[in-house]
Amino acid sequence: MLAPTYSKPDNVVHLTGILDVRSVGDVRQTLNHLIDTSAGDVIVDLEEVDAVDATGLGLLVATHRRTQLLGRQLVLWHPMPSVVRILAVTRLHRVLNVERTPLPISA
């Protein structure tokens, strides 16, 4: 199960596990609380999220729209390759602001 936590000063929500129909309610509540009680961009750290289903994608799109209406931005931080793939397949990487982890430089 996904365990959302957030750090108010940084406006960062750290997610772990799978963002799916079972976890989306808790994550929605956490994101809405953060949006209502903070200013600036909302950052969702996806570094430890293994997968996202259609319900999770819907939540990310709804949060993106809500932050835009408030003149703010949703930033998806460091998604795992499996999450990047689903964002690319659904073409949401063109809509959502995704900041990927830089690849290490090899010699």
# chains A, B, ... in the order shown; residues from 1 in each chain; ligands from 1
>>> residues_around(residues="Leu57 in chain A", least_positions_apart="3", cutoff="9 Å", atoms="only C-alpha atoms", output="PDB file with all heavy atoms, in the first residue's frame")
ATOM      1  N   LEU A  19       0.716   3.599  -6.765  1.00  0.00           N
ATOM      2  CA  LEU A  19      -0.354   4.597  -6.796  1.00  0.00           C
ATOM      3  C   LEU A  19      -1.488   4.002  -7.621  1.00  0.00           C
ATOM      4  O   LEU A  19      -1.452   4.007  -8.851  1.00  0.00           O
ATOM      5  CB  LEU A  19       0.155   5.909  -7.404  1.00  0.00           C
ATOM      6  CG  LEU A  19      -0.840   7.071  -7.472  1.00  0.00           C
ATOM      7  CD1 LEU A  19      -1.401   7.397  -6.091  1.00  0.00           C
ATOM      8  CD2 LEU A  19      -0.179   8.301  -8.080  1.00  0.00           C
ATOM      9  N   ASP A  20      -2.474   3.442  -6.914  1.00  0.00           N
ATOM     10  CA  ASP A  20      -3.564   2.751  -7.593  1.00  0.00           C
ATOM     11  C   ASP A  20      -4.890   3.049  -6.904  1.00  0.00           C
ATOM     12  O   ASP A  20      -4.957   3.893  -6.019  1.00  0.00           O
ATOM     13  CB  ASP A  20      -3.293   1.245  -7.660  1.00  0.00           C
ATOM     14  CG  ASP A  20      -3.229   0.576  -6.299  1.00  0.00           C
ATOM     15  OD1 ASP A  20      -3.400   1.264  -5.260  1.00  0.00           O
ATOM     16  OD2 ASP A  20      -2.992  -0.636  -6.257  1.00  0.00           O
ATOM     17  N   VAL A  52       1.911   2.975 -11.428  1.00  0.00           N
ATOM     18  CA  VAL A  52       0.757   3.872 -11.356  1.00  0.00           C
ATOM     19  C   VAL A  52      -0.314   3.300 -12.276  1.00  0.00           C
ATOM     20  O   VAL A  52      -0.031   2.990 -13.430  1.00  0.00           O
ATOM     21  CB  VAL A  52       1.129   5.305 -11.810  1.00  0.00           C
ATOM     22  CG1 VAL A  52      -0.074   6.223 -11.757  1.00  0.00           C
ATOM     23  CG2 VAL A  52       2.273   5.871 -10.987  1.00  0.00           C
ATOM     24  N   ASP A  53      -1.552   3.163 -11.774  1.00  0.00           N
ATOM     25  CA  ASP A  53      -2.635   2.697 -12.637  1.00  0.00           C
ATOM     26  C   ASP A  53      -3.438   3.888 -13.150  1.00  0.00           C
ATOM     27  O   ASP A  53      -3.089   5.048 -12.903  1.00  0.00           O
ATOM     28  CB  ASP A  53      -3.506   1.654 -11.922  1.00  0.00           C
ATOM     29  CG  ASP A  53      -4.450   2.239 -10.880  1.00  0.00           C
ATOM     30  OD1 ASP A  53      -4.424   3.458 -10.625  1.00  0.00           O
ATOM     31  OD2 ASP A  53      -5.233   1.456 -10.308  1.00  0.00           O
ATOM     32  N   ALA A  54      -4.520   3.603 -13.880  1.00  0.00           N
ATOM     33  CA  ALA A  54      -5.319   4.665 -14.489  1.00  0.00           C
ATOM     34  C   ALA A  54      -5.903   5.617 -13.440  1.00  0.00           C
ATOM     35  O   ALA A  54      -5.980   6.831 -13.671  1.00  0.00           O
ATOM     36  CB  ALA A  54      -6.439   4.052 -15.321  1.00  0.00           C
ATOM     37  N   LEU A  60      -3.187  12.454 -10.701  1.00  0.00           N
ATOM     38  CA  LEU A  60      -2.106  13.377 -11.065  1.00  0.00           C
ATOM     39  C   LEU A  60      -2.609  14.458 -12.020  1.00  0.00           C
ATOM     40  O   LEU A  60      -2.257  15.635 -11.880  1.00  0.00           O
ATOM     41  CB  LEU A  60      -0.934  12.604 -11.675  1.00  0.00           C
ATOM     42  CG  LEU A  60      -0.215  11.638 -10.732  1.00  0.00           C
ATOM     43  CD1 LEU A  60       0.859  10.873 -11.488  1.00  0.00           C
ATOM     44  CD2 LEU A  60       0.379  12.375  -9.533  1.00  0.00           C
ATOM     45  N   VAL A  61      -3.444  14.080 -12.981  1.00  0.00           N
ATOM     46  CA  VAL A  61      -3.997  15.060 -13.926  1.00  0.00           C
ATOM     47  C   VAL A  61      -4.919  16.034 -13.192  1.00  0.00           C
ATOM     48  O   VAL A  61      -4.850  17.247 -13.416  1.00  0.00           O
ATOM     49  CB  VAL A  61      -4.732  14.355 -15.079  1.00  0.00           C
ATOM     50  CG1 VAL A  61      -5.507  15.354 -15.924  1.00  0.00           C
ATOM     51  CG2 VAL A  61      -3.739  13.591 -15.941  1.00  0.00           C
ATOM     52  N   ALA A  62      -5.773  15.538 -12.309  1.00  0.00           N
ATOM     53  CA  ALA A  62      -6.673  16.412 -11.546  1.00  0.00           C
ATOM     54  C   ALA A  62      -5.885  17.380 -10.665  1.00  0.00           C
ATOM     55  O   ALA A  62      -6.226  18.566 -10.567  1.00  0.00           O
ATOM     56  CB  ALA A  62      -7.624  15.567 -10.698  1.00  0.00           C
ATOM     57  N   LEU A  87       3.834   7.176 -18.270  1.00  0.00           N
ATOM     58  CA  LEU A  87       3.599   8.578 -18.608  1.00  0.00           C
ATOM     59  C   LEU A  87       3.830   8.819 -20.097  1.00  0.00           C
ATOM     60  O   LEU A  87       3.095   9.581 -20.733  1.00  0.00           O
ATOM     61  CB  LEU A  87       4.490   9.494 -17.772  1.00  0.00           C
ATOM     62  CG  LEU A  87       4.174   9.561 -16.276  1.00  0.00           C
ATOM     63  CD1 LEU A  87       5.255  10.335 -15.535  1.00  0.00           C
ATOM     64  CD2 LEU A  87       2.799  10.165 -16.035  1.00  0.00           C
ATOM     65  N   LEU A  92       1.190  11.637 -21.157  1.00  0.00           N
ATOM     66  CA  LEU A  92       1.056  12.609 -20.071  1.00  0.00           C
ATOM     67  C   LEU A  92       2.368  13.321 -19.778  1.00  0.00           C
ATOM     68  O   LEU A  92       2.367  14.383 -19.154  1.00  0.00           O
ATOM     69  CB  LEU A  92       0.519  11.925 -18.812  1.00  0.00           C
ATOM     70  CG  LEU A  92      -0.957  11.558 -18.872  1.00  0.00           C
ATOM     71  CD1 LEU A  92      -1.361  10.772 -17.643  1.00  0.00           C
ATOM     72  CD2 LEU A  92      -1.817  12.807 -19.020  1.00  0.00           C
TER      73      LEU A  92
END
>>> closest_residue(among="A:Leu59, A:His64, A:Asp45, A:Leu70", to="Arg28 in chain A", atoms="only C-alpha atoms")
A:Leu59
>>> closest_residue(among="A:Leu74, A:Gly58, A:Ala88, A:Asn97", to="Val24 in chain A", atoms="only C-alpha atoms")
A:Gly58
>>> residues_around(residues="range 40-44 of chain A", least_positions_apart="4", cutoff="8 Å", atoms="only C-alpha atoms", output="number ranges by chain")
A: 11-15, 34-35, 67, 72-77
>>> atom_distance(atom1="CA of His78 in chain A", atom2="CA of Glu48 in chain A")
8.8 Å
>>> decode(residues="range 48-63 of chain A", atoms="N, CA, C and O atoms", output="mmCIF file, in the first residue's frame")
data_model
loop_
_atom_site.group_PDB
_atom_site.id
_atom_site.type_symbol
_atom_site.label_atom_id
_atom_site.label_comp_id
_atom_site.auth_asym_id
_atom_site.auth_seq_id
_atom_site.Cartn_x
_atom_site.Cartn_y
_atom_site.Cartn_z
ATOM 1 N N GLU A 48 10.163 6.395 -5.219
ATOM 2 C CA GLU A 48 9.924 5.077 -4.646
ATOM 3 C C GLU A 48 8.561 4.505 -5.030
ATOM 4 O O GLU A 48 8.055 3.603 -4.372
ATOM 5 N N VAL A 49 7.967 5.037 -6.111
ATOM 6 C CA VAL A 49 6.696 4.522 -6.601
ATOM 7 C C VAL A 49 6.985 3.510 -7.697
ATOM 8 O O VAL A 49 7.616 3.832 -8.701
ATOM 9 N N ASP A 50 6.520 2.278 -7.491
ATOM 10 C CA ASP A 50 6.797 1.185 -8.419
ATOM 11 C C ASP A 50 5.905 1.207 -9.649
ATOM 12 O O ASP A 50 6.332 0.817 -10.734
ATOM 13 N N ALA A 51 4.648 1.622 -9.490
ATOM 14 C CA ALA A 51 3.697 1.594 -10.601
ATOM 15 C C ALA A 51 2.564 2.577 -10.338
ATOM 16 O O ALA A 51 2.301 2.951 -9.186
ATOM 17 N N VAL A 52 1.911 2.975 -11.428
ATOM 18 C CA VAL A 52 0.757 3.872 -11.356
ATOM 19 C C VAL A 52 -0.314 3.300 -12.276
ATOM 20 O O VAL A 52 -0.031 2.990 -13.430
ATOM 21 N N ASP A 53 -1.552 3.163 -11.774
ATOM 22 C CA ASP A 53 -2.635 2.697 -12.637
ATOM 23 C C ASP A 53 -3.438 3.888 -13.150
ATOM 24 O O ASP A 53 -3.089 5.048 -12.903
ATOM 25 N N ALA A 54 -4.520 3.603 -13.880
ATOM 26 C CA ALA A 54 -5.319 4.665 -14.489
ATOM 27 C C ALA A 54 -5.903 5.617 -13.440
ATOM 28 O O ALA A 54 -5.980 6.831 -13.671
ATOM 29 N N THR A 55 -6.277 5.090 -12.288
ATOM 30 C CA THR A 55 -6.814 5.932 -11.222
ATOM 31 C C THR A 55 -5.746 6.883 -10.693
ATOM 32 O O THR A 55 -6.013 8.057 -10.450
ATOM 33 N N GLY A 56 -4.534 6.384 -10.530
ATOM 34 C CA GLY A 56 -3.424 7.220 -10.096
ATOM 35 C C GLY A 56 -3.095 8.299 -11.111
ATOM 36 O O GLY A 56 -2.836 9.446 -10.748
ATOM 37 N N LEU A 57 -3.108 7.936 -12.389
ATOM 38 C CA LEU A 57 -2.869 8.934 -13.440
ATOM 39 C C LEU A 57 -3.954 10.003 -13.411
ATOM 40 O O LEU A 57 -3.667 11.196 -13.567
ATOM 41 N N GLY A 58 -5.197 9.578 -13.200
ATOM 42 C CA GLY A 58 -6.291 10.542 -13.102
ATOM 43 C C GLY A 58 -6.097 11.518 -11.959
ATOM 44 O O GLY A 58 -6.373 12.715 -12.096
ATOM 45 N N LEU A 59 -5.613 11.013 -10.831
ATOM 46 C CA LEU A 59 -5.336 11.887 -9.691
ATOM 47 C C LEU A 59 -4.243 12.902 -10.031
ATOM 48 O O LEU A 59 -4.360 14.085 -9.700
ATOM 49 N N LEU A 60 -3.187 12.454 -10.701
ATOM 50 C CA LEU A 60 -2.106 13.377 -11.065
ATOM 51 C C LEU A 60 -2.609 14.458 -12.020
ATOM 52 O O LEU A 60 -2.257 15.635 -11.880
ATOM 53 N N VAL A 61 -3.444 14.080 -12.981
ATOM 54 C CA VAL A 61 -3.997 15.060 -13.926
ATOM 55 C C VAL A 61 -4.919 16.034 -13.192
ATOM 56 O O VAL A 61 -4.850 17.247 -13.416
ATOM 57 N N ALA A 62 -5.773 15.538 -12.309
ATOM 58 C CA ALA A 62 -6.673 16.412 -11.546
ATOM 59 C C ALA A 62 -5.885 17.380 -10.665
ATOM 60 O O ALA A 62 -6.226 18.566 -10.567
ATOM 61 N N THR A 63 -4.823 16.887 -10.042
ATOM 62 C CA THR A 63 -3.984 17.754 -9.206
ATOM 63 C C THR A 63 -3.271 18.792 -10.063
ATOM 64 O O THR A 63 -3.175 19.966 -9.672
#
